[in-house]
Each structure stands twice: as C-alpha cells, then as structure tokens.
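Visitor: Contents of query.txt (compact mmCIF, C-alpha atoms and all ligand atoms):
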```
# COMPACT_ATOMS: atom_id res chain seq x y z
CA MET A 1120 67.53 57.18 100.60
CA ARG A 1121 64.13 56.65 99.09
CA VAL A 1122 64.09 59.14 96.22
CA LEU A 1123 61.04 60.41 94.34
CA LEU A 1124 61.87 61.06 90.69
CA THR A 1125 59.27 63.22 88.97
CA GLY A 1126 59.46 62.58 85.23
CA GLY A 1127 61.48 59.46 86.03
CA ALA A 1128 60.11 57.55 83.03
CA GLY A 1129 61.81 60.04 80.68
CA TYR A 1130 65.29 60.13 79.20
CA ILE A 1131 67.41 61.59 82.01
CA GLY A 1132 65.12 60.33 84.79
CA SER A 1133 65.34 56.67 83.72
CA HIS A 1134 69.15 56.79 83.64
CA THR A 1135 69.21 58.46 87.05
CA ALA A 1136 66.82 55.83 88.43
CA LEU A 1137 69.25 53.16 87.27
CA VAL A 1138 72.27 54.78 88.94
CA LEU A 1139 70.36 55.39 92.20
CA LEU A 1140 69.22 51.75 92.32
CA GLU A 1141 72.73 50.51 91.57
CA GLN A 1142 74.01 52.59 94.47
CA GLY A 1143 71.51 50.99 96.85
CA HIS A 1144 68.85 53.71 97.02
CA ASP A 1145 65.13 53.07 96.56
CA VAL A 1146 63.32 54.80 93.72
CA VAL A 1147 59.75 56.00 93.35
CA VAL A 1148 58.78 57.46 89.96
CA VAL A 1149 55.86 59.80 89.40
CA ASP A 1150 55.19 60.51 85.73
CA ASP A 1151 52.13 61.14 83.56
CA LEU A 1152 53.80 59.28 80.66
CA SER A 1153 53.12 62.22 78.33
CA ASN A 1154 56.69 61.87 77.04
CA GLY A 1155 58.05 59.01 79.12
CA ASN A 1156 57.63 55.30 78.74
CA ARG A 1157 56.86 52.57 81.29
CA ILE A 1158 59.08 50.22 79.23
CA ALA A 1159 62.11 52.34 80.19
CA LEU A 1160 61.42 51.54 83.85
CA ASP A 1161 60.86 47.84 83.09
CA ARG A 1162 64.30 47.84 81.52
CA VAL A 1163 65.83 49.70 84.47
CA GLU A 1164 64.43 46.94 86.68
CA GLU A 1165 65.81 44.28 84.35
CA LEU A 1166 69.28 45.90 84.29
CA THR A 1167 69.53 46.44 88.05
CA GLY A 1168 67.56 43.44 89.35
CA ARG A 1169 65.71 45.90 91.60
CA SER A 1170 62.18 47.19 91.50
CA VAL A 1171 60.92 50.73 90.94
CA THR A 1172 57.69 51.98 92.50
CA PHE A 1173 55.74 53.66 89.69
CA VAL A 1174 52.92 56.14 90.24
CA GLN A 1175 51.10 57.65 87.26
CA ALA A 1176 49.98 61.23 87.94
CA ASP A 1177 49.87 64.60 86.23
CA LEU A 1178 51.79 66.92 88.55
CA THR A 1179 49.89 69.96 87.31
CA ASN A 1180 46.87 68.50 89.12
CA THR A 1181 47.79 69.13 92.75
CA THR A 1182 44.82 67.38 94.33
CA ALA A 1183 45.11 64.24 92.22
CA THR A 1184 48.88 64.07 92.78
CA ARG A 1185 48.47 64.52 96.53
CA VAL A 1186 45.91 61.70 96.65
CA THR A 1187 47.94 59.41 94.39
CA LEU A 1188 51.11 59.85 96.44
CA ALA A 1189 49.33 59.67 99.82
CA ASN A 1190 50.56 56.19 100.69
CA THR A 1191 54.01 56.52 99.14
CA ASN A 1192 56.96 57.48 101.29
CA PHE A 1193 60.12 59.24 100.12
CA ASP A 1194 62.92 61.30 101.71
CA ALA A 1195 64.17 63.37 98.78
CA VAL A 1196 62.98 64.53 95.36
CA VAL A 1197 64.64 64.93 91.99
CA HIS A 1198 62.33 67.01 89.82
CA PHE A 1199 62.74 66.18 86.12
CA ALA A 1200 59.08 66.41 85.03
CA GLY A 1201 58.28 69.03 82.44
CA LEU A 1202 58.10 69.88 78.78
CA LYS A 1203 61.41 70.57 77.05
CA ALA A 1204 61.04 71.32 73.33
CA VAL A 1205 62.27 74.87 72.73
CA GLY A 1206 60.49 75.45 69.38
CA GLU A 1207 57.22 73.97 70.67
CA SER A 1208 57.40 76.30 73.68
CA VAL A 1209 57.33 79.30 71.33
CA GLU A 1210 54.17 77.94 69.67
CA GLN A 1211 52.49 76.80 72.91
CA PRO A 1212 53.72 79.16 75.62
CA VAL A 1213 50.73 78.78 77.95
CA ARG A 1214 50.98 75.00 77.91
CA TYR A 1215 54.69 75.22 78.66
CA TYR A 1216 54.31 77.70 81.50
CA ARG A 1217 51.38 75.73 82.96
CA THR A 1218 53.18 72.40 82.90
CA ASN A 1219 56.62 73.56 83.93
CA LEU A 1220 55.51 75.95 86.65
CA ALA A 1221 52.39 74.22 88.04
CA SER A 1222 54.31 70.92 88.39
CA THR A 1223 56.87 72.63 90.58
CA LEU A 1224 54.21 74.37 92.67
CA THR A 1225 52.47 71.04 93.29
CA LEU A 1226 55.72 69.46 94.31
CA LEU A 1227 56.67 72.28 96.67
CA ASP A 1228 53.22 72.09 98.33
CA ILE A 1229 53.48 68.35 98.84
CA MET A 1230 57.06 68.61 100.11
CA ALA A 1231 56.04 71.26 102.66
CA GLU A 1232 52.99 69.27 103.81
CA ARG A 1233 55.09 66.16 104.33
CA GLN A 1234 58.20 67.88 105.66
CA ILE A 1235 60.38 66.58 102.83
CA ASN A 1236 63.39 68.91 102.64
CA THR A 1237 65.75 67.75 99.91
CA LEU A 1238 65.15 68.79 96.30
CA VAL A 1239 67.33 68.52 93.20
CA PHE A 1240 65.98 70.42 90.20
CA SER A 1241 66.64 69.93 86.46
CA SER A 1242 67.60 73.36 85.25
CA SER A 1243 69.39 74.18 82.04
CA ALA A 1244 72.28 76.17 80.62
CA THR A 1245 69.55 77.97 78.70
CA VAL A 1246 69.08 80.28 81.75
CA TYR A 1247 72.41 81.96 80.87
CA GLY A 1248 71.09 83.31 77.54
CA GLU A 1249 73.97 84.24 75.26
CA PRO A 1250 77.23 83.48 77.10
CA GLN A 1251 79.51 86.48 77.62
CA THR A 1252 82.57 84.33 78.37
CA PRO A 1253 84.09 81.34 76.50
CA LEU A 1254 83.29 79.04 79.43
CA VAL A 1255 80.07 79.77 81.35
CA ALA A 1256 80.38 79.70 85.15
CA GLU A 1257 77.51 79.68 87.65
CA THR A 1258 78.24 83.34 88.44
CA HIS A 1259 77.31 84.35 84.86
CA HIS A 1260 74.12 86.41 84.82
CA THR A 1261 70.86 84.59 84.15
CA GLY A 1262 67.53 85.68 82.68
CA VAL A 1263 69.03 88.13 80.19
CA GLY A 1264 68.10 87.77 76.53
CA LEU A 1265 66.27 84.45 76.85
CA THR A 1266 64.54 83.73 73.57
CA ASN A 1267 61.81 81.24 74.38
CA PRO A 1268 59.19 80.28 77.00
CA TYR A 1269 60.99 77.03 77.80
CA GLY A 1270 64.08 78.94 78.87
CA TRP A 1271 62.01 81.44 80.84
CA SER A 1272 60.20 78.57 82.60
CA LYS A 1273 63.55 77.23 83.82
CA TYR A 1274 64.60 80.69 84.99
CA MET A 1275 61.25 81.18 86.78
CA ASN A 1276 61.48 77.73 88.36
CA GLU A 1277 64.89 78.56 89.79
CA GLN A 1278 63.39 81.70 91.35
CA ILE A 1279 60.28 79.94 92.69
CA ILE A 1280 62.31 77.13 94.25
CA THR A 1281 64.80 79.59 95.75
CA ASP A 1282 61.97 81.61 97.31
CA ALA A 1283 60.42 78.42 98.72
CA ALA A 1284 63.77 77.53 100.28
CA VAL A 1285 64.05 80.97 101.89
CA ALA A 1286 60.64 80.46 103.47
CA ARG A 1287 61.54 76.95 104.63
CA PRO A 1288 65.11 77.19 105.96
CA ASP A 1289 65.32 73.43 106.52
CA MET A 1290 65.17 72.86 102.77
CA SER A 1291 68.30 71.64 100.94
CA VAL A 1292 68.05 72.53 97.27
CA VAL A 1293 70.44 71.86 94.42
CA LEU A 1294 69.76 73.52 91.06
CA LEU A 1295 71.58 71.62 88.30
CA ARG A 1296 72.13 73.45 85.03
CA TYR A 1297 72.61 70.78 82.40
CA PHE A 1298 74.44 71.52 79.20
CA ASN A 1299 73.59 69.16 76.28
CA PRO A 1300 72.72 65.65 77.52
CA VAL A 1301 73.47 62.88 75.00
CA GLY A 1302 74.17 59.15 74.81
CA ALA A 1303 72.56 56.18 76.48
CA HIS A 1304 73.24 53.41 78.97
CA PRO A 1305 76.05 51.26 77.51
CA SER A 1306 73.76 48.20 77.43
CA GLY A 1307 71.67 49.88 74.72
CA ARG A 1308 68.52 48.95 76.68
CA ILE A 1309 67.56 52.50 77.68
CA GLY A 1310 68.15 55.74 75.79
CA GLU A 1311 66.58 58.85 74.33
CA ASP A 1312 63.30 58.25 72.49
CA PRO A 1313 62.10 61.55 71.08
CA ALA A 1314 58.52 61.73 69.83
CA GLY A 1315 58.27 62.70 66.15
CA ILE A 1316 61.09 64.53 64.44
CA PRO A 1317 63.99 65.02 66.90
CA ASN A 1318 64.76 68.64 67.77
CA ASN A 1319 68.18 67.87 69.17
CA LEU A 1320 71.29 67.14 67.18
CA LEU A 1321 72.44 63.74 68.39
CA PRO A 1322 69.09 61.90 68.16
CA PHE A 1323 68.67 63.34 64.66
CA ILE A 1324 72.12 62.15 63.61
CA ALA A 1325 71.39 58.71 65.11
CA GLN A 1326 68.14 58.46 63.13
CA VAL A 1327 69.97 59.41 59.91
CA ALA A 1328 72.64 56.79 60.59
CA VAL A 1329 70.01 54.08 61.17
CA GLY A 1330 68.22 55.02 57.93
CA ARG A 1331 65.10 56.50 59.51
CA ARG A 1332 65.82 60.01 58.10
CA ASP A 1333 67.52 60.93 54.82
CA LYS A 1334 69.91 63.61 55.92
CA LEU A 1335 70.80 66.07 58.62
CA SER A 1336 70.25 69.80 58.16
CA VAL A 1337 73.24 71.62 59.65
CA PHE A 1338 71.78 74.87 60.95
CA GLY A 1339 74.34 77.42 59.78
CA ASP A 1340 78.03 77.19 58.87
CA ASP A 1341 78.83 80.88 59.27
CA TYR A 1342 79.10 81.17 63.05
CA ASP A 1343 82.25 82.57 64.63
CA THR A 1344 83.53 79.07 65.52
CA PRO A 1345 86.49 77.06 64.14
CA ASP A 1346 84.46 75.35 61.37
CA GLY A 1347 81.53 77.79 61.29
CA THR A 1348 79.00 75.39 62.88
CA GLY A 1349 77.54 75.65 66.38
CA VAL A 1350 79.65 74.44 69.30
CA ARG A 1351 78.08 72.79 72.36
CA ASP A 1352 79.12 71.01 75.53
CA TYR A 1353 77.69 67.50 75.16
CA ILE A 1354 77.49 65.53 78.40
CA HIS A 1355 77.00 61.77 78.54
CA VAL A 1356 73.66 60.98 80.20
CA MET A 1357 75.37 58.48 82.54
CA ASP A 1358 77.74 61.22 83.76
CA LEU A 1359 74.69 63.45 84.20
CA ALA A 1360 72.85 60.74 86.15
CA GLU A 1361 75.86 60.35 88.45
CA GLY A 1362 75.86 64.12 88.95
CA HIS A 1363 72.36 63.86 90.47
CA VAL A 1364 73.49 61.27 92.98
CA ALA A 1365 76.46 63.50 93.89
CA ALA A 1366 74.04 66.42 94.34
CA LEU A 1367 71.74 64.37 96.58
CA ASN A 1368 74.70 63.31 98.69
CA TYR A 1369 76.06 66.85 98.98
CA ALA A 1370 72.76 68.74 99.51
CA SER A 1371 72.75 70.84 102.66
CA CYS A 1372 70.50 73.63 103.96
CA GLY A 1373 70.01 76.45 101.48
CA VAL A 1374 70.28 76.60 97.70
CA GLN A 1375 73.30 75.55 95.68
CA THR A 1376 73.66 75.82 91.92
CA TYR A 1377 75.96 73.77 89.69
CA ASN A 1378 76.71 73.41 86.02
CA LEU A 1379 76.71 69.83 84.82
CA GLY A 1380 78.87 69.86 81.72
CA SER A 1381 82.21 68.56 80.49
CA GLY A 1382 83.97 71.84 79.67
CA VAL A 1383 84.67 70.51 76.16
CA GLY A 1384 83.09 72.04 73.05
CA THR A 1385 82.13 69.99 69.97
CA SER A 1386 80.92 71.45 66.68
CA VAL A 1387 78.06 70.07 64.59
CA LEU A 1388 80.46 68.79 61.92
CA GLU A 1389 82.71 67.21 64.55
CA ALA A 1390 79.62 65.48 65.94
CA VAL A 1391 78.73 64.13 62.49
CA ARG A 1392 82.23 62.75 61.98
CA ALA A 1393 82.37 61.20 65.46
CA PHE A 1394 79.04 59.47 64.89
CA GLU A 1395 80.10 58.16 61.48
CA ALA A 1396 83.25 56.73 63.05
CA VAL A 1397 81.48 54.77 65.79
CA SER A 1398 78.53 53.62 63.68
CA ASN A 1399 80.46 52.93 60.50
CA ARG A 1400 77.48 54.44 58.66
CA PRO A 1401 77.40 57.61 56.57
CA VAL A 1402 75.54 60.63 57.96
CA PRO A 1403 74.66 62.72 54.90
CA TYR A 1404 74.05 66.38 55.64
CA GLN A 1405 73.24 69.66 53.95
CA ILE A 1406 74.07 73.16 55.14
CA SER A 1407 70.81 74.98 55.96
CA PRO A 1408 70.00 78.44 57.29
CA ARG A 1409 70.63 79.20 60.95
CA ARG A 1410 67.88 78.11 63.35
CA SER A 1411 66.19 81.04 65.07
CA GLY A 1412 67.43 81.58 68.64
CA ASP A 1413 70.57 79.42 68.23
CA LEU A 1414 73.87 80.55 69.72
CA ALA A 1415 77.38 80.10 68.34
CA THR A 1416 79.09 78.53 71.36
CA VAL A 1417 77.82 77.29 74.73
CA VAL A 1418 80.38 75.44 76.89
CA ALA A 1419 80.36 74.92 80.67
CA ASP A 1420 82.91 75.91 83.21
CA PRO A 1421 82.48 72.70 85.24
CA ARG A 1422 84.95 73.45 88.03
CA LEU A 1423 82.50 74.27 90.82
CA ALA A 1424 80.82 70.85 90.61
CA GLN A 1425 84.25 69.20 90.53
CA GLU A 1426 85.31 71.05 93.64
CA LYS A 1427 82.14 70.85 95.72
CA LEU A 1428 80.26 67.77 94.50
CA LYS A 1429 83.48 65.82 93.83
CA TRP A 1430 81.89 64.97 90.50
CA GLN A 1431 83.22 65.31 86.98
CA THR A 1432 82.53 63.77 83.62
CA THR A 1433 84.46 60.57 82.91
CA ARG A 1434 83.01 59.70 79.49
CA THR A 1435 83.99 61.29 76.18
CA PHE A 1436 81.79 62.50 73.34
CA ALA A 1437 82.93 59.44 71.35
CA ASP A 1438 81.67 57.24 74.23
CA ALA A 1439 78.31 59.02 74.05
CA CYS A 1440 78.11 58.48 70.26
CA ARG A 1441 78.98 54.79 70.66
CA ASP A 1442 76.30 54.31 73.34
CA ALA A 1443 73.71 56.36 71.42
CA TRP A 1444 74.39 54.20 68.36
CA ASN A 1445 74.15 51.01 70.41
CA TRP A 1446 70.73 52.16 71.69
CA GLN A 1447 69.52 53.41 68.29
CA SER A 1448 70.62 50.33 66.36
CA GLN A 1449 69.13 47.92 68.93
CA ASN A 1450 65.91 49.97 69.17
CA PRO A 1451 65.40 51.65 65.79
CA ALA A 1452 61.86 52.61 66.78
CA GLY A 1453 62.83 53.58 70.33
CA TYR A 1454 60.48 52.02 72.86
CA GLY A 1455 57.73 51.97 70.24
CA GLU A 1456 56.56 48.90 68.47
CA THR A 1457 57.88 47.99 65.07
CA VAL A 1458 55.68 46.34 62.48
CA ARG A 1459 57.09 44.52 59.48
CA VAL A 1460 55.53 45.25 56.13
CA VAL A 1461 56.34 42.81 53.37
CA ILE A 1462 56.68 44.55 50.01
CA GLY A 1463 57.00 42.29 46.97
CA SER A 1464 59.03 39.38 48.23
CA PRO A 1465 59.70 38.52 51.88
CA ALA A 1466 63.34 39.35 51.20
CA ALA A 1467 62.41 43.01 50.71
CA THR A 1468 61.06 43.84 54.13
CA VAL A 1469 60.49 47.38 55.23
CA GLU A 1470 60.34 47.98 58.94
CA ARG A 1471 58.00 50.78 59.88
CA THR A 1472 57.37 52.39 63.20
CA LEU A 1473 53.75 52.80 64.16
CA ASP A 1474 53.93 56.44 63.10
CA ASP A 1475 54.68 55.02 59.66
CA LYS A 1476 58.25 56.07 59.11
CA ALA A 1477 60.47 53.61 57.34
CA ILE A 1478 63.33 52.78 59.64
CA SER A 1479 65.23 50.21 57.67
CA THR A 1480 64.98 48.45 54.37
CA ARG A 1481 66.57 45.20 53.41
P1 LIG B 1 61.80 63.78 79.01
O1 LIG B 1 60.68 64.41 78.26
O2 LIG B 1 62.37 62.52 78.48
O3 LIG B 1 61.36 63.54 80.53
C1 LIG B 1 60.43 64.36 81.18
C2 LIG B 1 59.37 63.46 81.82
O4 LIG B 1 58.40 64.27 82.48
C3 LIG B 1 58.62 62.61 80.80
O5 LIG B 1 58.70 61.25 81.20
C4 LIG B 1 57.18 63.12 80.89
O6 LIG B 1 56.23 62.10 80.67
C5 LIG B 1 57.13 63.69 82.28
N1 LIG B 1 56.13 64.74 82.45
C6 LIG B 1 55.91 65.81 81.65
N2 LIG B 1 54.89 66.54 82.13
C7 LIG B 1 54.47 65.94 83.27
C8 LIG B 1 53.43 66.20 84.22
N3 LIG B 1 52.61 67.25 84.08
N4 LIG B 1 53.27 65.35 85.26
C9 LIG B 1 54.09 64.27 85.40
N5 LIG B 1 55.07 63.97 84.53
C10 LIG B 1 55.26 64.79 83.48
O7 LIG B 1 62.93 64.88 79.18
P2 LIG B 1 64.43 64.75 79.69
O8 LIG B 1 65.33 65.01 78.55
O9 LIG B 1 64.59 63.51 80.48
O10 LIG B 1 64.50 66.04 80.62
C11 LIG B 1 64.28 65.95 82.01
C12 LIG B 1 64.37 67.35 82.60
O11 LIG B 1 65.65 67.89 82.31
C13 LIG B 1 63.35 68.34 82.04
O12 LIG B 1 62.91 69.18 83.09
C14 LIG B 1 64.15 69.14 81.03
O13 LIG B 1 63.64 70.43 80.86
C15 LIG B 1 65.51 69.16 81.71
N6 LIG B 1 66.60 69.38 80.76
C16 LIG B 1 66.71 68.55 79.69
C17 LIG B 1 67.71 68.76 78.75
C18 LIG B 1 67.82 67.90 77.52
O14 LIG B 1 68.42 68.36 76.54
N7 LIG B 1 67.30 66.69 77.51
C19 LIG B 1 68.63 69.81 78.95
C20 LIG B 1 68.50 70.63 80.08
C21 LIG B 1 67.47 70.40 80.98
C1 LIG B 2 72.95 71.57 69.10
C2 LIG B 2 73.65 72.16 67.88
C3 LIG B 2 72.18 73.41 66.44
C4 LIG B 2 69.74 69.99 65.22
C5 LIG B 2 68.76 72.62 73.32
C6 LIG B 2 68.00 73.57 74.19
C7 LIG B 2 68.66 73.66 75.54
C8 LIG B 2 68.83 72.26 76.15
C9 LIG B 2 69.50 71.32 75.22
C10 LIG B 2 66.95 71.80 77.51
C11 LIG B 2 73.22 73.59 67.56
C12 LIG B 2 72.72 72.18 65.73
C13 LIG B 2 70.70 70.79 65.81
C14 LIG B 2 69.78 69.79 63.82
C15 LIG B 2 71.74 71.18 63.72
N1 LIG B 2 67.57 71.66 76.45
N2 LIG B 2 71.68 71.36 65.07
N3 LIG B 2 70.79 70.39 63.13
O1 LIG B 2 70.00 74.04 70.83
O2 LIG B 2 72.19 73.60 72.06
O3 LIG B 2 70.07 73.12 73.16
O4 LIG B 2 68.82 71.33 73.96
O5 LIG B 2 67.19 72.53 78.43
O6 LIG B 2 67.85 74.46 76.32
O7 LIG B 2 68.00 74.84 73.57
O8 LIG B 2 70.77 71.67 71.33
O9 LIG B 2 70.84 69.56 70.10
O10 LIG B 2 69.13 71.29 69.44
O11 LIG B 2 71.54 71.72 68.95
O12 LIG B 2 72.64 71.70 63.03
O13 LIG B 2 68.94 69.10 63.23
O14 LIG B 2 73.28 71.37 66.74
O15 LIG B 2 72.12 74.51 65.57
O16 LIG B 2 74.35 74.26 67.06
P1 LIG B 2 70.78 73.23 71.76
P2 LIG B 2 70.48 70.99 69.94
```
Step by step, read the file and then write its structure as structure tokens.
Guide:
Amino acid sequence: MRVLLTGGAGYIGSHTALVLLEQGHDVVVVDDLSNGNRIALDRVEELTGRSVTFVQADLTNTTATRVTLANTNFDAVVHFAGLKAVGESVEQPVRYYRTNLASTLTLLDIMAERQINTLVFSSSATVYGEPQTPLVAETHHTGVGLTNPYGWSKYMNEQIITDAAVARPDMSVVLLRYFNPVGAHPSGRIGEDPAGIPNNLLPFIAQVAVGRRDKLSVFGDDYDTPDGTGVRDYIHVMDLAEGHVAALNYASCGVQTYNLGSGVGTSVLEAVRAFEAVSNRPVPYQISPRRSGDLATVVADPRLAQEKLKWQTTRTFADACRDAWNWQSQNPAGYGETVRVVIGSPAATVERTLDDKAISTR
C-alpha cells in the first residue's frame, strides 16, 4: 500500500511511518509542522533505509491541500493530524475545533474526490468520559460527561467520519481509541518531543530524570486507587504503531472501532519508580492538588482488537520507560538544537535548549 499519513511528522505518526516502511509499504506524509518535525522523518529514513514523500500543507486549508496533493498518489489514509493538548483546548476552543474538525473535513472531501476508500482515524479513550467499568470496552457509552473541547473534537470526528462512511458505502473506516501512548523507538533516534512544558506524565518524568526540570508534581494522592494516585493504561508507541498496520490490513467496508491499550493499569507513583529503575536517576516529586478534569482510573479492555485485528501489545511499561529514557538521554533537547554556554571555566558547561532551559550541567 501507499499510505498517506496526515500529521506523520509528529510523535505517533513518525513511529507508524517507520513500521509501515519496514513492512514494505510506501509512505507519504502531509503535515504543517506546527507540532511535528522534519528531522523525525529524516531519522525514519535513516533507520529504515527507505524514503518518505513529505508534503507540507495545513489541512484546514482545503484548497491549498488539494493543490499540494494533486500529483501525489496514495491508496489509504491514516489521519493523525490535529491538536492534542487538553488544557490548551479549554483556553482555545475555537482553534481546537477549527483544526481538529476542518482537517477531517478536508481529508474526507479529498478522499471522496479521488475515490480513496480506506481511512484509519486517531481517536482517543477520552471519548468514554468517566469509565463506568474497571476495564473500558468499545461498547461503553461515549460523549457523556466530556470535560474539554479536545475530547469533544474526537467525539465529533468519530460522528463525522461515521456519517461520511454511511454516505459512501465503499469506505472502510477504522476508528482507533488510543489509551496513553508512551515510549520511543528502541534506537532512541525518534521519540516524543513536546513543545514547552510537557502536559503528559511520562515526558515530564523523563525531563526531570535528565535534569531539565526540578521535580514532578503528582496531581493528587487521594483518588480511590491502590496508592491514591491516578491509574492509566500506558501503551508503548511501537505497539500502537503496529496496531495501525493491523487496522489497515483488516479494514473492510463500514466502520469498525477498536481500543488500542494494554489492559494493564499503572499509577503515577509506579511510573515514577519504574522510570527511576531504568534510568538510574532520581525523579523527585511533590504531591500537588488534583488536576481539573482528571479521572481516577482509565484502563482498556483490549480484547476486541486482539480477536479481530490479531493485534496485542507485546511491550511492557518498563520497556516503554527504558526506550523513553534512551530517547530523552540521547536527545535532551528533543529534535531542537542545543547550544553550549560556558560559565566560568570550560569544565562547567551548561547545555541550554534554544528556549533557554538548562538541560544538563557538568
Ligand atoms: P503530535 O502533535 O506529535 O502529531 C500531530 C501532527 O499533526 C503534528 O506533526 C502536527 O504538526 C500536525 N498537524 C497539526 N495540525 C495540522 C494541520 N492543520 N495540518 C497538517 N498537520 C497538522 O501528536 P501525536 O501524539 O502524534 O498524536 C497524533 C494523533 O493521535 C492526534 O490526533 C491526537 O489527538 C491523537 N491521540 C494522541 C494521544 C497522545 O497522548 N499522544 C492520545 C490519543 C489520541
Ligand atoms: C496521566 C496521569 C495525571 C502529569 C491525556 C489526555 C487523553 C490522551 C492522553 C489524547 C494522570 C498524572 C500527569 C503530571 C501527574 N490524549 N500526572 N503529573 O490525562 O490520562 O490523558 O493524554 O487523546 O485524552 O487527557 O494523561 O499523561 O496527562 O496523565 O501526576 O505532571 O499522570 O493526573 O493521573 P491523561 P497524562
């Protein structure tokens, strides 16, 4: 297959590009680079020995995207592009709705015009709201009690794509509801490179371990969980990437929906200890108030994907921590440039990222 990855220069997209190339597929990436990085794709090419076709376009601009993609062929689409920061979506709802909905509308128009039928969409466990069962299955209700525009945009996207598939019965759609993606490619060459202060737990822990941040704030230790801290289903990004290839292989007419998770819950304090063990670095933390909108426990029931897609996670949370640490320690400033500032004697060198955060001192 020749697969178009929207948002393919981002975290999950770049890992999926790598797995698709390794399995012999061709990859075209369309991305506006608002949160992705061309270097990630250079490294995917270096790791696979294969080339990626890269097209820079803002998918919210339908006309420009149509023109930019006019001479590019593809048979299937994986739609990752969008904005994903929950807190930011509360502050900038219109921007989030515009980007996350208009991108999908552009894509659906172009797919219809060109008779492209296969679509895999990046949805999220956030569509379930507060889980009513210990393990969340795909049959759990969605769109109840969602607390932020990001979550609503995923819910609305699922509806829009489903309606488009009803109108075009030749379409084969797979909606993938990711739980908490973490980790990096084991080479340490590609990984998660959040802009500014990380919102998500594992990148924050990794930046504390590498010395870029002082300490972690643990958001609440009074939840109804074994140690009082929030429990999540962390899924290794390589397992997640493989899940997309399984979905592309299994797609057939109509709409199918799958959880991509491990079925295993890990608390915040367990995550801290696991990261300390693989990195051999301390991760200082303080207990802070709960973060607004957070839930106690969110863990997938992953059985449907196992049964239908013949896919399941094969990597542990410890594997994800090891690979995240490998990435973070090899690339303390992510894909960004690092400048060396000499303070006092050359022996006392402080490395700073271009946004001027000290990342290591020696
Ligand atoms: P990411 O920000 O690393 O990747 C998204 C990519 O989309 C970026 O490269 C960005 O430049 C691009 N993009 C954004 N707006 C665009 C536009 N208008 N036109 C073209 N490209 C645009 O995020 P990610 O973690 O790789 O997430 C990928 C998808 O998975 C997103 O849709 C996200 O909502 C979803 N998802 C992510 C998580 C997570 O925790 N990372 C969990 C569930 C679902
Ligand atoms: C995990 C746990 C926090 C940071 C979010 C989105 C979700 C999905 C994945 C896109 C929670 C705790 C975190 C910190 C902490 N994204 N935590 N200190 O909130 O489960 O899910 O990302 O679809 O939609 O909501 O992930 O990594 O932010 O938090 O104590 O500095 O870590 O309270 O218990 P979350 P997270």
Visitor: Around ligand LIG 1 (chain B), out to 6 Å and counting all atoms listed in the file, which residues are there? I want them as a compact mmCIF listing (two decimals) with C-alpha atoms, in the frame of the given file.
Guide:
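Written out: pocket-v8.txt:
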```txt
# COMPACT_ATOMS: atom_id res chain seq x y z
CA GLY A 1126 59.46 62.58 85.23
CA GLY A 1127 61.48 59.46 86.03
CA ALA A 1128 60.11 57.55 83.03
CA GLY A 1129 61.81 60.04 80.68
CA TYR A 1130 65.29 60.13 79.20
CA ILE A 1131 67.41 61.59 82.01
CA GLY A 1132 65.12 60.33 84.79
CA ASP A 1150 55.19 60.51 85.73
CA ASP A 1151 52.13 61.14 83.56
CA LEU A 1152 53.80 59.28 80.66
CA SER A 1153 53.12 62.22 78.33
CA ASN A 1154 56.69 61.87 77.04
CA GLY A 1155 58.05 59.01 79.12
CA ALA A 1176 49.98 61.23 87.94
CA ASP A 1177 49.87 64.60 86.23
CA LEU A 1178 51.79 66.92 88.55
CA THR A 1179 49.89 69.96 87.31
CA PHE A 1199 62.74 66.18 86.12
CA ALA A 1200 59.08 66.41 85.03
CA GLY A 1201 58.28 69.03 82.44
CA LEU A 1202 58.10 69.88 78.78
CA LYS A 1203 61.41 70.57 77.05
CA THR A 1218 53.18 72.40 82.90
CA SER A 1222 54.31 70.92 88.39
CA SER A 1241 66.64 69.93 86.46
CA SER A 1242 67.60 73.36 85.25
CA SER A 1243 69.39 74.18 82.04
CA TYR A 1297 72.61 70.78 82.40
CA ASN A 1299 73.59 69.16 76.28
CA PRO A 1300 72.72 65.65 77.52
```
Visitor: How would you write, as a PyMOL selection string, the set of residues no farther than 7 Å from ligand LIG 2 (chain B) when counting only C-alpha atoms and all ligand atoms?
Guide: chain A and resi 1203+1205+1242-1245+1270+1297-1300+1318-1321+1323+1335-1339+1348-1351+1387+1409-1410+1413-1415
Visitor: Pick from A:Glu1426, A:Asp1194, A:Asp1145, A:Glu1311: nearest to A:Val1239, with all atoms listed in the file counted?
Guide: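 With all atoms listed in the file as the atom set, the closest residue is A:Asp1194.
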Visitor: In terms of the shortest atom-to-atom distance over only C-alpha atoms, which of A:Ser1291, A:Ser1398, A:Ser1371, A:Asn1192 is closest to A:Val1148?
Guide: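 Smallest distance to A:Val1148 is found for A:Asn1192.
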Visitor: Between A:Leu1188, A:Ala1159, A:Val1391, A:Ala1439, single out the one closest to A:Thr1225, counting all atoms listed in the file.
Guide: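 Once distances to A:Thr1225 are computed over all atoms listed in the file, the minimum belongs to A:Leu1188.
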Visitor: Tell me, in Å to one decimal, how far atom CA of A:Asp1358 is from atom CA of A:Gly1307.
Guide: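 About the pair atom CA of A:Asp1358 and atom CA of A:Gly1307: they are 15.7 Å apart.
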Visitor: Could you pull out every residue with an atom within 10 Å of (78.3, 70.5, 93.3), file coordinates, counting only C-alpha atoms, and send them as number ranges by chain?
Guide: A: 1293-1295, 1362-1363, 1365-1370, 1375-1379, 1421-1431
Visitor: So how far away is atom CA of A:Ala1325 from atom CA of A:Phe1394, in Å?
Guide: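 Distance between the two atoms: 7.7 Å.
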Visitor: Let me make sure I understand: among A:Ala1328, A:Val1374, A:Leu1220, A:Lys1273, which one has the smallest atom-to-atom distance to A:Asp1289 if we use only C-alpha atoms?
Guide: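 Checking each of A:Ala1328, A:Val1374, A:Leu1220, A:Lys1273 against A:Asp1289, counting only C-alpha atoms, the winner is A:Val1374.
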Visitor: Mind listing whatever residues come within 12 Å of the point (69.1, 53.6, 95.6)? Use all atoms listed in the file, file coordinates, and give them as a PyMOL selection string.
Guide: chain A and resi 1120-1124+1135-1147+1167+1169-1172+1193-1195+1361+1363-1364+1367-1368
Visitor: So that I can check the surroundings of A:Pro1250, please list as an MDAnalysis selection string every protein, DNA and RNA residue that reaches within 9 Å of it, counting all atoms listed in the file and ignoring chain neighbours fewer than 5 positions away.
Guide: chainID A and resid 1255 1259:1260 1414 1416:1418
Visitor: What's the separation between atom CA of A:Ile1324 and atom CA of A:Glu1395, in Å to one decimal place?
Guide: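 Going from atom CA of A:Ile1324 over to atom CA of A:Glu1395, I get 9.2 Å.
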Visitor: Which residue out of A:Ala1189, A:Arg1392, A:Asp1346, A:Met1357 has the minimum interatomic distance to A:Ser1306 when all atoms listed in the file are used?
Guide: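 Among the listed residues, A:Met1357 lies closest to A:Ser1306.
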Visitor: Within 12 Å of A:Met1275, counting only C-alpha atoms, which residues show up once you throw out same-chain ones fewer than 5 positions away? Write them as a list in words, please.
Guide: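 What passes the distance filter is Tyr1216, Arg1217, Asn1219, Leu1220, Ala1221, Thr1223, Leu1224, Ser1242, Ser1243, Val1246, Thr1261, Gly1262, Leu1265, Pro1268, Tyr1269, Gly1270, Ile1280, Thr1281 and Asp1282 of chain A.
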Visitor: Which is closer to A:Gly1302 than all the others in A:Thr1191, A:Gln1449, A:Ser1386, A:Thr1435, using only C-alpha atoms?
Guide: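 Ranked by minimum distance to A:Gly1302, first place goes to A:Thr1435.
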